[in-house]
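File shown here: start_20.txt, holding compact mmCIF, N, CA and C atoms.
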# COMPACT_ATOMS: atom_id res chain seq x y z
N MET X 675 6.46 -53.22 12.00
CA MET X 675 6.87 -54.61 11.96
C MET X 675 7.15 -55.07 13.39
N LYS X 676 6.63 -56.21 13.74
CA LYS X 676 6.82 -56.73 15.09
C LYS X 676 8.06 -57.61 15.19
N GLU X 677 8.21 -58.53 14.22
CA GLU X 677 9.34 -59.47 14.27
C GLU X 677 9.43 -60.24 12.97
N TYR X 678 10.58 -60.90 12.76
CA TYR X 678 10.71 -61.86 11.66
C TYR X 678 10.10 -63.18 12.13
N TRP X 679 9.32 -63.80 11.27
CA TRP X 679 8.63 -65.04 11.62
C TRP X 679 9.65 -66.14 11.95
N ASN X 680 9.54 -66.65 13.17
CA ASN X 680 10.37 -67.76 13.64
C ASN X 680 11.88 -67.50 13.49
N ASN X 681 12.27 -66.25 13.63
CA ASN X 681 13.69 -65.93 13.48
C ASN X 681 14.09 -64.85 14.49
N PRO X 682 14.22 -65.22 15.77
CA PRO X 682 14.54 -64.23 16.79
C PRO X 682 15.92 -63.60 16.62
N GLN X 683 16.85 -64.35 16.05
CA GLN X 683 18.20 -63.79 15.84
C GLN X 683 18.15 -62.64 14.83
N GLU X 684 17.45 -62.82 13.73
CA GLU X 684 17.32 -61.77 12.72
C GLU X 684 16.53 -60.59 13.29
N THR X 685 15.49 -60.88 14.06
CA THR X 685 14.69 -59.83 14.70
C THR X 685 15.58 -58.97 15.59
N ALA X 686 16.42 -59.62 16.41
CA ALA X 686 17.31 -58.89 17.32
C ALA X 686 18.31 -58.03 16.56
N GLY X 687 18.74 -58.50 15.39
CA GLY X 687 19.70 -57.74 14.60
C GLY X 687 19.10 -56.56 13.84
N GLN X 688 17.80 -56.64 13.56
CA GLN X 688 17.16 -55.61 12.75
C GLN X 688 16.27 -54.64 13.53
N LEU X 689 15.72 -55.09 14.66
CA LEU X 689 14.84 -54.25 15.47
C LEU X 689 15.56 -53.87 16.77
N LYS X 690 15.78 -52.58 16.95
CA LYS X 690 16.48 -52.09 18.14
C LYS X 690 15.78 -50.85 18.66
N ASP X 691 15.39 -50.88 19.94
CA ASP X 691 14.74 -49.75 20.59
C ASP X 691 13.55 -49.22 19.79
N GLY X 692 12.79 -50.13 19.19
CA GLY X 692 11.59 -49.74 18.45
C GLY X 692 11.85 -49.28 17.02
N TRP X 693 13.11 -49.32 16.57
CA TRP X 693 13.46 -48.89 15.22
C TRP X 693 13.80 -50.08 14.35
N LEU X 694 13.40 -50.05 13.08
CA LEU X 694 13.76 -51.07 12.11
C LEU X 694 14.99 -50.58 11.35
N TYR X 695 16.07 -51.33 11.48
CA TYR X 695 17.31 -51.01 10.77
C TYR X 695 17.30 -51.74 9.43
N THR X 696 17.03 -50.99 8.37
CA THR X 696 16.84 -51.58 7.04
C THR X 696 18.15 -51.91 6.33
N GLY X 697 19.23 -51.24 6.70
CA GLY X 697 20.49 -51.42 5.99
C GLY X 697 20.64 -50.46 4.82
N ASP X 698 19.65 -49.58 4.62
CA ASP X 698 19.74 -48.59 3.55
C ASP X 698 20.56 -47.40 4.02
N ILE X 699 21.31 -46.81 3.10
CA ILE X 699 22.05 -45.58 3.37
C ILE X 699 21.33 -44.46 2.62
N ALA X 700 20.99 -43.41 3.35
CA ALA X 700 20.24 -42.31 2.75
C ALA X 700 20.94 -40.99 3.00
N MET X 701 20.57 -39.99 2.23
CA MET X 701 21.06 -38.63 2.45
C MET X 701 19.87 -37.70 2.39
N GLN X 702 20.00 -36.57 3.06
CA GLN X 702 18.96 -35.56 3.05
C GLN X 702 19.47 -34.36 2.28
N ASP X 703 18.66 -33.85 1.36
CA ASP X 703 19.07 -32.67 0.60
C ASP X 703 18.71 -31.39 1.35
N GLU X 704 19.04 -30.27 0.75
CA GLU X 704 18.83 -28.98 1.41
C GLU X 704 17.36 -28.63 1.61
N ASP X 705 16.47 -29.32 0.88
CA ASP X 705 15.02 -29.10 1.04
C ASP X 705 14.39 -30.05 2.04
N GLY X 706 15.20 -30.94 2.63
CA GLY X 706 14.69 -31.86 3.63
C GLY X 706 14.23 -33.20 3.08
N TYR X 707 14.40 -33.41 1.76
CA TYR X 707 14.01 -34.68 1.17
C TYR X 707 15.11 -35.72 1.37
N PHE X 708 14.71 -36.97 1.61
CA PHE X 708 15.65 -38.07 1.79
C PHE X 708 15.73 -38.89 0.51
N PHE X 709 16.95 -39.36 0.20
CA PHE X 709 17.20 -40.19 -0.97
C PHE X 709 18.01 -41.40 -0.54
N ILE X 710 17.56 -42.58 -0.90
CA ILE X 710 18.33 -43.78 -0.63
C ILE X 710 19.43 -43.85 -1.68
N ILE X 711 20.68 -43.94 -1.21
CA ILE X 711 21.79 -43.93 -2.15
C ILE X 711 22.46 -45.30 -2.30
N ASP X 712 22.28 -46.19 -1.34
CA ASP X 712 22.85 -47.53 -1.47
C ASP X 712 22.47 -48.38 -0.28
N ARG X 713 22.99 -49.59 -0.25
CA ARG X 713 22.78 -50.52 0.86
C ARG X 713 24.08 -50.60 1.66
N LYS X 714 23.97 -50.59 2.97
CA LYS X 714 25.14 -50.61 3.84
C LYS X 714 26.02 -51.84 3.57
N LYS X 715 25.39 -53.00 3.38
CA LYS X 715 26.19 -54.20 3.18
C LYS X 715 26.86 -54.25 1.81
N ASP X 716 26.45 -53.40 0.88
CA ASP X 716 27.10 -53.33 -0.43
C ASP X 716 28.26 -52.34 -0.47
N MET X 717 28.34 -51.46 0.54
CA MET X 717 29.38 -50.45 0.56
C MET X 717 30.76 -51.11 0.52
N ILE X 718 31.64 -50.54 -0.27
CA ILE X 718 33.01 -51.03 -0.41
C ILE X 718 33.91 -50.11 0.42
N ILE X 719 34.77 -50.71 1.24
CA ILE X 719 35.72 -49.91 2.01
C ILE X 719 37.11 -50.26 1.49
N ALA X 720 37.68 -49.34 0.72
CA ALA X 720 38.97 -49.56 0.07
C ALA X 720 39.96 -48.52 0.54
N GLY X 721 40.99 -48.98 1.21
CA GLY X 721 42.03 -48.06 1.68
C GLY X 721 41.49 -46.98 2.60
N GLY X 722 40.46 -47.29 3.36
CA GLY X 722 39.86 -46.33 4.27
C GLY X 722 38.78 -45.46 3.66
N PHE X 723 38.54 -45.56 2.37
CA PHE X 723 37.50 -44.79 1.70
C PHE X 723 36.21 -45.59 1.62
N ASN X 724 35.08 -44.95 1.88
CA ASN X 724 33.77 -45.56 1.69
C ASN X 724 33.33 -45.31 0.25
N ILE X 725 33.05 -46.39 -0.45
CA ILE X 725 32.66 -46.30 -1.86
C ILE X 725 31.28 -46.92 -2.02
N TYR X 726 30.37 -46.15 -2.60
CA TYR X 726 29.02 -46.64 -2.85
C TYR X 726 28.96 -47.24 -4.26
N PRO X 727 28.74 -48.55 -4.37
CA PRO X 727 28.74 -49.20 -5.68
C PRO X 727 27.75 -48.58 -6.67
N ARG X 728 26.64 -48.10 -6.17
CA ARG X 728 25.63 -47.53 -7.07
C ARG X 728 26.21 -46.36 -7.88
N GLU X 729 27.09 -45.57 -7.24
CA GLU X 729 27.71 -44.44 -7.95
C GLU X 729 28.56 -44.94 -9.12
N ILE X 730 29.29 -46.01 -8.91
CA ILE X 730 30.11 -46.59 -9.97
C ILE X 730 29.21 -47.19 -11.05
N ASP X 731 28.18 -47.91 -10.62
CA ASP X 731 27.25 -48.53 -11.57
C ASP X 731 26.63 -47.48 -12.49
N GLU X 732 26.25 -46.34 -11.93
CA GLU X 732 25.63 -45.28 -12.74
C GLU X 732 26.59 -44.76 -13.81
N VAL X 733 27.87 -44.70 -13.49
CA VAL X 733 28.88 -44.29 -14.49
C VAL X 733 29.01 -45.38 -15.55
N LEU X 734 29.09 -46.63 -15.13
CA LEU X 734 29.22 -47.72 -16.09
C LEU X 734 28.05 -47.74 -17.08
N PHE X 735 26.84 -47.46 -16.59
CA PHE X 735 25.67 -47.46 -17.47
C PHE X 735 25.70 -46.32 -18.49
N GLN X 736 26.55 -45.33 -18.29
CA GLN X 736 26.69 -44.24 -19.26
C GLN X 736 27.52 -44.65 -20.47
N HIS X 737 28.29 -45.74 -20.33
CA HIS X 737 29.14 -46.20 -21.44
C HIS X 737 28.24 -46.74 -22.56
N PRO X 738 28.45 -46.29 -23.77
CA PRO X 738 27.54 -46.67 -24.87
C PRO X 738 27.54 -48.15 -25.23
N LYS X 739 28.56 -48.89 -24.84
CA LYS X 739 28.63 -50.32 -25.19
C LYS X 739 28.06 -51.24 -24.11
N ILE X 740 27.74 -50.69 -22.96
CA ILE X 740 27.34 -51.52 -21.83
C ILE X 740 25.82 -51.69 -21.75
N GLN X 741 25.39 -52.95 -21.68
CA GLN X 741 23.99 -53.30 -21.50
C GLN X 741 23.63 -53.32 -20.01
N GLU X 742 24.45 -54.07 -19.24
CA GLU X 742 24.26 -54.19 -17.79
C GLU X 742 25.62 -54.13 -17.12
N ALA X 743 25.62 -53.65 -15.87
CA ALA X 743 26.87 -53.58 -15.13
C ALA X 743 26.58 -53.53 -13.64
N VAL X 744 27.52 -54.06 -12.87
CA VAL X 744 27.42 -53.98 -11.43
C VAL X 744 28.84 -53.99 -10.88
N SER X 745 29.06 -53.20 -9.84
CA SER X 745 30.37 -53.16 -9.20
C SER X 745 30.27 -53.81 -7.83
N VAL X 746 31.35 -54.46 -7.45
CA VAL X 746 31.38 -55.25 -6.22
C VAL X 746 32.72 -55.03 -5.53
N GLY X 747 32.69 -55.03 -4.21
CA GLY X 747 33.93 -54.98 -3.45
C GLY X 747 34.48 -56.39 -3.29
N ILE X 748 35.73 -56.58 -3.68
CA ILE X 748 36.37 -57.88 -3.52
C ILE X 748 37.60 -57.72 -2.63
N ALA X 749 37.97 -58.79 -1.97
CA ALA X 749 39.09 -58.74 -1.04
C ALA X 749 40.38 -58.31 -1.74
N ASP X 750 41.13 -57.47 -1.04
CA ASP X 750 42.42 -57.00 -1.54
C ASP X 750 43.38 -56.98 -0.36
N PRO X 751 44.53 -57.64 -0.47
CA PRO X 751 45.44 -57.72 0.68
C PRO X 751 45.99 -56.37 1.14
N TYR X 752 46.08 -55.41 0.25
CA TYR X 752 46.64 -54.10 0.60
C TYR X 752 45.57 -53.10 1.02
N ARG X 753 44.48 -53.00 0.24
CA ARG X 753 43.46 -51.98 0.47
C ARG X 753 42.29 -52.46 1.32
N GLY X 754 42.24 -53.74 1.66
CA GLY X 754 41.10 -54.30 2.37
C GLY X 754 40.08 -54.83 1.38
N GLU X 755 39.58 -53.93 0.55
CA GLU X 755 38.72 -54.29 -0.57
C GLU X 755 39.13 -53.44 -1.76
N THR X 756 38.76 -53.90 -2.93
CA THR X 756 38.96 -53.12 -4.14
C THR X 756 37.72 -53.30 -5.02
N VAL X 757 37.57 -52.46 -6.01
CA VAL X 757 36.38 -52.46 -6.85
C VAL X 757 36.60 -53.33 -8.09
N LYS X 758 35.64 -54.22 -8.32
CA LYS X 758 35.62 -55.00 -9.56
C LYS X 758 34.28 -54.76 -10.23
N ALA X 759 34.31 -54.57 -11.56
CA ALA X 759 33.09 -54.37 -12.34
C ALA X 759 32.78 -55.62 -13.15
N PHE X 760 31.53 -56.04 -13.10
CA PHE X 760 31.04 -57.15 -13.91
C PHE X 760 30.13 -56.54 -14.97
N ILE X 761 30.41 -56.86 -16.23
CA ILE X 761 29.75 -56.15 -17.33
C ILE X 761 29.19 -57.10 -18.37
N VAL X 762 27.99 -56.77 -18.83
CA VAL X 762 27.38 -57.42 -19.99
C VAL X 762 27.33 -56.37 -21.08
N LEU X 763 27.96 -56.66 -22.19
CA LEU X 763 27.98 -55.71 -23.31
C LEU X 763 26.71 -55.84 -24.15
N LYS X 764 26.38 -54.76 -24.83
CA LYS X 764 25.27 -54.80 -25.77
C LYS X 764 25.62 -55.76 -26.90
N LYS X 765 24.60 -56.34 -27.48
CA LYS X 765 24.78 -57.31 -28.56
C LYS X 765 25.63 -56.71 -29.69
N GLY X 766 26.65 -57.46 -30.10
CA GLY X 766 27.51 -57.04 -31.20
C GLY X 766 28.66 -56.12 -30.79
N GLU X 767 28.71 -55.71 -29.54
CA GLU X 767 29.76 -54.80 -29.08
C GLU X 767 30.95 -55.58 -28.52
N THR X 768 32.10 -54.97 -28.61
CA THR X 768 33.31 -55.50 -27.98
C THR X 768 33.97 -54.36 -27.21
N ALA X 769 34.67 -54.72 -26.15
CA ALA X 769 35.39 -53.73 -25.35
C ALA X 769 36.49 -54.46 -24.60
N THR X 770 37.42 -53.70 -24.08
CA THR X 770 38.50 -54.25 -23.28
C THR X 770 38.35 -53.71 -21.85
N PRO X 771 38.91 -54.43 -20.89
CA PRO X 771 38.90 -53.89 -19.52
C PRO X 771 39.55 -52.50 -19.45
N GLU X 772 40.62 -52.32 -20.19
CA GLU X 772 41.32 -51.02 -20.18
C GLU X 772 40.42 -49.89 -20.67
N GLU X 773 39.60 -50.17 -21.68
CA GLU X 773 38.67 -49.17 -22.20
C GLU X 773 37.64 -48.77 -21.13
N ILE X 774 37.12 -49.75 -20.41
CA ILE X 774 36.12 -49.49 -19.37
C ILE X 774 36.75 -48.71 -18.22
N ILE X 775 37.94 -49.11 -17.81
CA ILE X 775 38.64 -48.43 -16.71
C ILE X 775 38.96 -46.99 -17.10
N ALA X 776 39.42 -46.77 -18.33
CA ALA X 776 39.72 -45.41 -18.80
C ALA X 776 38.46 -44.54 -18.78
N PHE X 777 37.34 -45.10 -19.19
CA PHE X 777 36.06 -44.37 -19.17
C PHE X 777 35.72 -43.95 -17.74
N CYS X 778 35.89 -44.88 -16.80
CA CYS X 778 35.59 -44.58 -15.40
C CYS X 778 36.52 -43.53 -14.83
N LYS X 779 37.78 -43.55 -15.25
CA LYS X 779 38.76 -42.56 -14.75
C LYS X 779 38.36 -41.14 -15.11
N GLU X 780 37.64 -40.99 -16.21
CA GLU X 780 37.19 -39.66 -16.63
C GLU X 780 36.06 -39.13 -15.76
N LYS X 781 35.33 -40.04 -15.08
CA LYS X 781 34.10 -39.63 -14.40
C LYS X 781 34.08 -39.89 -12.89
N LEU X 782 35.10 -40.60 -12.38
CA LEU X 782 35.12 -40.96 -10.96
C LEU X 782 36.44 -40.56 -10.31
N ALA X 783 36.40 -40.37 -9.01
CA ALA X 783 37.64 -40.17 -8.25
C ALA X 783 38.48 -41.44 -8.39
N ALA X 784 39.78 -41.30 -8.34
CA ALA X 784 40.69 -42.42 -8.59
C ALA X 784 40.41 -43.62 -7.70
N TYR X 785 40.08 -43.39 -6.42
CA TYR X 785 39.87 -44.52 -5.51
C TYR X 785 38.57 -45.27 -5.79
N LYS X 786 37.69 -44.72 -6.63
CA LYS X 786 36.42 -45.38 -6.96
C LYS X 786 36.49 -46.16 -8.27
N VAL X 787 37.52 -45.95 -9.04
CA VAL X 787 37.64 -46.59 -10.35
C VAL X 787 37.86 -48.09 -10.19
N PRO X 788 37.10 -48.91 -10.93
CA PRO X 788 37.33 -50.36 -10.85
C PRO X 788 38.78 -50.71 -11.17
N LYS X 789 39.33 -51.62 -10.40
CA LYS X 789 40.70 -52.08 -10.64
C LYS X 789 40.71 -53.27 -11.58
N SER X 790 39.56 -53.94 -11.69
CA SER X 790 39.46 -55.05 -12.65
C SER X 790 38.04 -55.08 -13.23
N VAL X 791 37.94 -55.68 -14.39
CA VAL X 791 36.67 -55.77 -15.13
C VAL X 791 36.53 -57.20 -15.63
N GLU X 792 35.33 -57.74 -15.47
CA GLU X 792 35.03 -59.07 -16.01
C GLU X 792 33.80 -58.97 -16.89
N PHE X 793 33.95 -59.44 -18.12
CA PHE X 793 32.82 -59.45 -19.05
C PHE X 793 32.09 -60.78 -18.92
N ARG X 794 30.76 -60.71 -18.96
CA ARG X 794 29.91 -61.89 -18.81
C ARG X 794 28.79 -61.84 -19.83
N GLU X 795 28.21 -63.01 -20.05
CA GLU X 795 27.03 -63.10 -20.91
C GLU X 795 25.79 -62.60 -20.18
N SER X 796 25.77 -62.80 -18.85
CA SER X 796 24.63 -62.36 -18.03
C SER X 796 25.11 -62.19 -16.59
N LEU X 797 24.28 -61.53 -15.79
CA LEU X 797 24.56 -61.34 -14.38
C LEU X 797 23.54 -62.12 -13.57
N PRO X 798 23.93 -62.66 -12.40
CA PRO X 798 22.96 -63.40 -11.58
C PRO X 798 21.90 -62.45 -11.03
N LYS X 799 20.64 -62.89 -11.09
CA LYS X 799 19.54 -62.02 -10.67
C LYS X 799 18.56 -62.79 -9.80
N SER X 800 17.85 -62.02 -8.98
CA SER X 800 16.77 -62.59 -8.16
C SER X 800 15.54 -62.80 -9.03
N ALA X 801 14.51 -63.36 -8.43
CA ALA X 801 13.25 -63.60 -9.16
C ALA X 801 12.61 -62.31 -9.67
N ILE X 802 12.92 -61.19 -9.00
CA ILE X 802 12.34 -59.91 -9.45
C ILE X 802 13.30 -59.12 -10.34
N GLY X 803 14.44 -59.73 -10.70
CA GLY X 803 15.35 -59.09 -11.65
C GLY X 803 16.45 -58.25 -11.03
N LYS X 804 16.59 -58.27 -9.71
CA LYS X 804 17.64 -57.51 -9.05
C LYS X 804 18.96 -58.28 -9.14
N VAL X 805 20.03 -57.57 -9.54
CA VAL X 805 21.34 -58.21 -9.65
C VAL X 805 21.81 -58.61 -8.25
N LEU X 806 22.29 -59.84 -8.13
CA LEU X 806 22.70 -60.39 -6.84
C LEU X 806 24.22 -60.24 -6.65
N ARG X 807 24.59 -59.13 -6.04
CA ARG X 807 26.01 -58.86 -5.78
C ARG X 807 26.63 -59.95 -4.91
N LYS X 808 25.83 -60.46 -3.96
CA LYS X 808 26.38 -61.44 -3.01
C LYS X 808 26.85 -62.70 -3.73
N ILE X 809 26.21 -63.07 -4.81
CA ILE X 809 26.66 -64.24 -5.58
C ILE X 809 27.99 -63.93 -6.25
N LEU X 810 28.12 -62.75 -6.81
CA LEU X 810 29.38 -62.38 -7.46
C LEU X 810 30.51 -62.31 -6.44
N ARG X 811 30.23 -61.77 -5.26
CA ARG X 811 31.25 -61.73 -4.18
C ARG X 811 31.65 -63.14 -3.77
N ALA X 812 30.66 -64.02 -3.63
CA ALA X 812 30.94 -65.40 -3.23
C ALA X 812 31.78 -66.11 -4.29
N GLU X 813 31.51 -65.86 -5.55
CA GLU X 813 32.31 -66.46 -6.63
C GLU X 813 33.76 -65.99 -6.54
N GLU X 814 33.95 -64.71 -6.24
CA GLU X 814 35.31 -64.17 -6.12
C GLU X 814 36.04 -64.78 -4.92
N GLU X 815 35.32 -64.93 -3.81
CA GLU X 815 35.93 -65.54 -2.61
C GLU X 815 36.31 -66.99 -2.88
N ALA X 816 35.48 -67.71 -3.63
CA ALA X 816 35.77 -69.11 -3.94
C ALA X 816 37.02 -69.25 -4.82
N LYS X 817 37.28 -68.27 -5.68
CA LYS X 817 38.48 -68.30 -6.52
C LYS X 817 39.76 -68.23 -5.70
N LYS X 818 39.70 -67.58 -4.55
CA LYS X 818 40.89 -67.38 -3.73
C LYS X 818 41.21 -68.57 -2.85
N LYS X 819 40.29 -69.52 -2.76
CA LYS X 819 40.50 -70.69 -1.89
C LYS X 819 41.24 -71.80 -2.61
Would you mind writing the file's structure down as structure tokens?
Amino acid sequence: MKEYWNNPQETAGQLKDGWLYTGDIAMQDEDGYFFIIDRKKDMIIAGGFNIYPREIDEVLFQHPKIQEAVSVGIADPYRGETVKAFIVLKKGETATPEEIIAFCKEKLAAYKVPKSVEFRESLPKSAIGKVLRKILRAEEEAKKK
């Protein structure tokens, strides 16, 4: 990639010393294979801990009542950020935030467990069906104003 079309500021932020900085966070296993585990801008930093939302999302998807779920870092005056889960339940199912949080406590370290849960009819998505965390974060920020 040479540059972003008509966007030198974005080009300068993403291309450095001949490298394209994608914003992906990856890990290498013992066999030398790389795996993308999350996006840097989605990482939640709560009380000094780095939390990858994808790890929380994967646990939420294990819950038998959940159709769709996404976790987001929201502002917290004490921890910097805290985890909030946005959930769409399967048709005909009911659940409480406490039930979802208890489920997560069984499968995640305490600092990764969502502190709040919001049930929704649907989640905001891009044209290709990717859940838009940035919209959910923006909605949370607007509530605080």
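When only C-alpha atoms are used to measure the gap to Pro788 of chain X, the shortest distance among X:Gly754, X:Gly766, X:Gly747, X:Gly687 belongs to X:Gly747.
Each of X:Tyr785, X:Tyr678, X:Trp693, X:Phe777 was compared to Lys739 of chain X using only C-alpha atoms, and X:Phe777 turns out to be the nearest.
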Item to check | Contacts of Arg807 of chain X at 8 Å (all atoms listed in the file; same-chain gap of 6+ positions) as a PyMOL selection string | outcome: chain X and resi 716+744-747+798-800+813
Checklist entry - For Glu767 of chain X, which of X:Ile718, X:Ile748, X:Ile699, X:Ile740 is the closest residue, counting only C-alpha atoms? => result X:Ile740
Next on the checklist: Using DSSP secondary structure from the backbone, list all strand (DSSP E) positions within chain X, as JSON, numbers by chain.
Outcome noted: {"X": [689, 690, 693, 694, 698, 699, 700, 701, 702, 708, 709, 710, 711, 712, 713, 718, 719, 720, 723, 724, 725, 740, 741, 742, 743, 744, 745, 746, 747, 748, 749, 750, 754, 755, 756, 757, 758, 759, 760, 761, 762, 763, 790, 791, 792, 793]}
Checklist outcome for this item: Computed gap from atom N of Ile719 of chain X to atom C of Glu677 of chain X is 29.5 Å
Checklist entry - Contacts of Phe708 of chain X at 12 Å or less, counting only C-alpha atoms, minus same-chain residues fewer than 5 places along, as number ranges by chain? => result X: 698-703
Next on the checklist: When DSSP is applied to the backbone of this structure, which of segment 703-799 of chain X are assigned helix (DSSP H, G or I)? Write them out as a PyMOL selection string.
Outcome noted: chain X and resi 714-716+727-734+771-781+784-786
Can I get the selection written as a PDB file, keeping the file's coordinate frame, with N, CA and C atoms?
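To be explicit, this is the file written out as result20.pdb:
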ATOM      1  N   LYS X 714      23.970 -50.590   2.970  1.00  0.00           N
ATOM      2  CA  LYS X 714      25.140 -50.610   3.840  1.00  0.00           C
ATOM      3  C   LYS X 714      26.020 -51.840   3.570  1.00  0.00           C
ATOM      4  N   LYS X 715      25.390 -53.000   3.380  1.00  0.00           N
ATOM      5  CA  LYS X 715      26.190 -54.200   3.180  1.00  0.00           C
ATOM      6  C   LYS X 715      26.860 -54.250   1.810  1.00  0.00           C
ATOM      7  N   ASP X 716      26.450 -53.400   0.880  1.00  0.00           N
ATOM      8  CA  ASP X 716      27.100 -53.330  -0.430  1.00  0.00           C
ATOM      9  C   ASP X 716      28.260 -52.340  -0.470  1.00  0.00           C
ATOM     10  N   PRO X 727      28.740 -48.550  -4.370  1.00  0.00           N
ATOM     11  CA  PRO X 727      28.740 -49.200  -5.680  1.00  0.00           C
ATOM     12  C   PRO X 727      27.750 -48.580  -6.670  1.00  0.00           C
ATOM     13  N   ARG X 728      26.640 -48.100  -6.170  1.00  0.00           N
ATOM     14  CA  ARG X 728      25.630 -47.530  -7.070  1.00  0.00           C
ATOM     15  C   ARG X 728      26.210 -46.360  -7.880  1.00  0.00           C
ATOM     16  N   GLU X 729      27.090 -45.570  -7.240  1.00  0.00           N
ATOM     17  CA  GLU X 729      27.710 -44.440  -7.950  1.00  0.00           C
ATOM     18  C   GLU X 729      28.560 -44.940  -9.120  1.00  0.00           C
ATOM     19  N   ILE X 730      29.290 -46.010  -8.910  1.00  0.00           N
ATOM     20  CA  ILE X 730      30.110 -46.590  -9.970  1.00  0.00           C
ATOM     21  C   ILE X 730      29.210 -47.190 -11.050  1.00  0.00           C
ATOM     22  N   ASP X 731      28.180 -47.910 -10.620  1.00  0.00           N
ATOM     23  CA  ASP X 731      27.250 -48.530 -11.570  1.00  0.00           C
ATOM     24  C   ASP X 731      26.630 -47.480 -12.490  1.00  0.00           C
ATOM     25  N   GLU X 732      26.250 -46.340 -11.930  1.00  0.00           N
ATOM     26  CA  GLU X 732      25.630 -45.280 -12.740  1.00  0.00           C
ATOM     27  C   GLU X 732      26.590 -44.760 -13.810  1.00  0.00           C
ATOM     28  N   VAL X 733      27.870 -44.700 -13.490  1.00  0.00           N
ATOM     29  CA  VAL X 733      28.880 -44.290 -14.490  1.00  0.00           C
ATOM     30  C   VAL X 733      29.010 -45.380 -15.550  1.00  0.00           C
ATOM     31  N   LEU X 734      29.090 -46.630 -15.130  1.00  0.00           N
ATOM     32  CA  LEU X 734      29.220 -47.720 -16.090  1.00  0.00           C
ATOM     33  C   LEU X 734      28.050 -47.740 -17.080  1.00  0.00           C
ATOM     34  N   PRO X 771      38.910 -54.430 -20.890  1.00  0.00           N
ATOM     35  CA  PRO X 771      38.900 -53.890 -19.520  1.00  0.00           C
ATOM     36  C   PRO X 771      39.550 -52.500 -19.450  1.00  0.00           C
ATOM     37  N   GLU X 772      40.620 -52.320 -20.190  1.00  0.00           N
ATOM     38  CA  GLU X 772      41.320 -51.020 -20.180  1.00  0.00           C
ATOM     39  C   GLU X 772      40.420 -49.890 -20.670  1.00  0.00           C
ATOM     40  N   GLU X 773      39.600 -50.170 -21.680  1.00  0.00           N
ATOM     41  CA  GLU X 773      38.670 -49.170 -22.200  1.00  0.00           C
ATOM     42  C   GLU X 773      37.640 -48.770 -21.130  1.00  0.00           C
ATOM     43  N   ILE X 774      37.120 -49.750 -20.410  1.00  0.00           N
ATOM     44  CA  ILE X 774      36.120 -49.490 -19.370  1.00  0.00           C
ATOM     45  C   ILE X 774      36.750 -48.710 -18.220  1.00  0.00           C
ATOM     46  N   ILE X 775      37.940 -49.110 -17.810  1.00  0.00           N
ATOM     47  CA  ILE X 775      38.640 -48.430 -16.710  1.00  0.00           C
ATOM     48  C   ILE X 775      38.960 -46.990 -17.100  1.00  0.00           C
ATOM     49  N   ALA X 776      39.420 -46.770 -18.330  1.00  0.00           N
ATOM     50  CA  ALA X 776      39.720 -45.410 -18.800  1.00  0.00           C
ATOM     51  C   ALA X 776      38.460 -44.540 -18.780  1.00  0.00           C
ATOM     52  N   PHE X 777      37.340 -45.100 -19.190  1.00  0.00           N
ATOM     53  CA  PHE X 777      36.060 -44.370 -19.170  1.00  0.00           C
ATOM     54  C   PHE X 777      35.720 -43.950 -17.740  1.00  0.00           C
ATOM     55  N   CYS X 778      35.890 -44.880 -16.800  1.00  0.00           N
ATOM     56  CA  CYS X 778      35.590 -44.580 -15.400  1.00  0.00           C
ATOM     57  C   CYS X 778      36.520 -43.530 -14.830  1.00  0.00           C
ATOM     58  N   LYS X 779      37.780 -43.550 -15.250  1.00  0.00           N
ATOM     59  CA  LYS X 779      38.760 -42.560 -14.750  1.00  0.00           C
ATOM     60  C   LYS X 779      38.360 -41.140 -15.110  1.00  0.00           C
ATOM     61  N   GLU X 780      37.640 -40.990 -16.210  1.00  0.00           N
ATOM     62  CA  GLU X 780      37.190 -39.660 -16.630  1.00  0.00           C
ATOM     63  C   GLU X 780      36.060 -39.130 -15.760  1.00  0.00           C
ATOM     64  N   LYS X 781      35.330 -40.040 -15.080  1.00  0.00           N
ATOM     65  CA  LYS X 781      34.100 -39.630 -14.400  1.00  0.00           C
ATOM     66  C   LYS X 781      34.080 -39.890 -12.890  1.00  0.00           C
ATOM     67  N   ALA X 784      39.780 -41.300  -8.340  1.00  0.00           N
ATOM     68  CA  ALA X 784      40.690 -42.420  -8.590  1.00  0.00           C
ATOM     69  C   ALA X 784      40.410 -43.620  -7.700  1.00  0.00           C
ATOM     70  N   TYR X 785      40.080 -43.390  -6.420  1.00  0.00           N
ATOM     71  CA  TYR X 785      39.870 -44.520  -5.510  1.00  0.00           C
ATOM     72  C   TYR X 785      38.570 -45.270  -5.790  1.00  0.00           C
ATOM     73  N   LYS X 786      37.690 -44.720  -6.630  1.00  0.00           N
ATOM     74  CA  LYS X 786      36.420 -45.380  -6.960  1.00  0.00           C
ATOM     75  C   LYS X 786      36.490 -46.160  -8.270  1.00  0.00           C
TER      76      LYS X 786
END
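Taking atom N of Leu782 of chain X and atom CA of Val733 of chain X as endpoints, the distance between them is 7.5 Å.
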Item to check | atom CA of Tyr707 of chain X to atom C of Glu742 of chain X, straight-line distance in Å | outcome: 29.1 Å
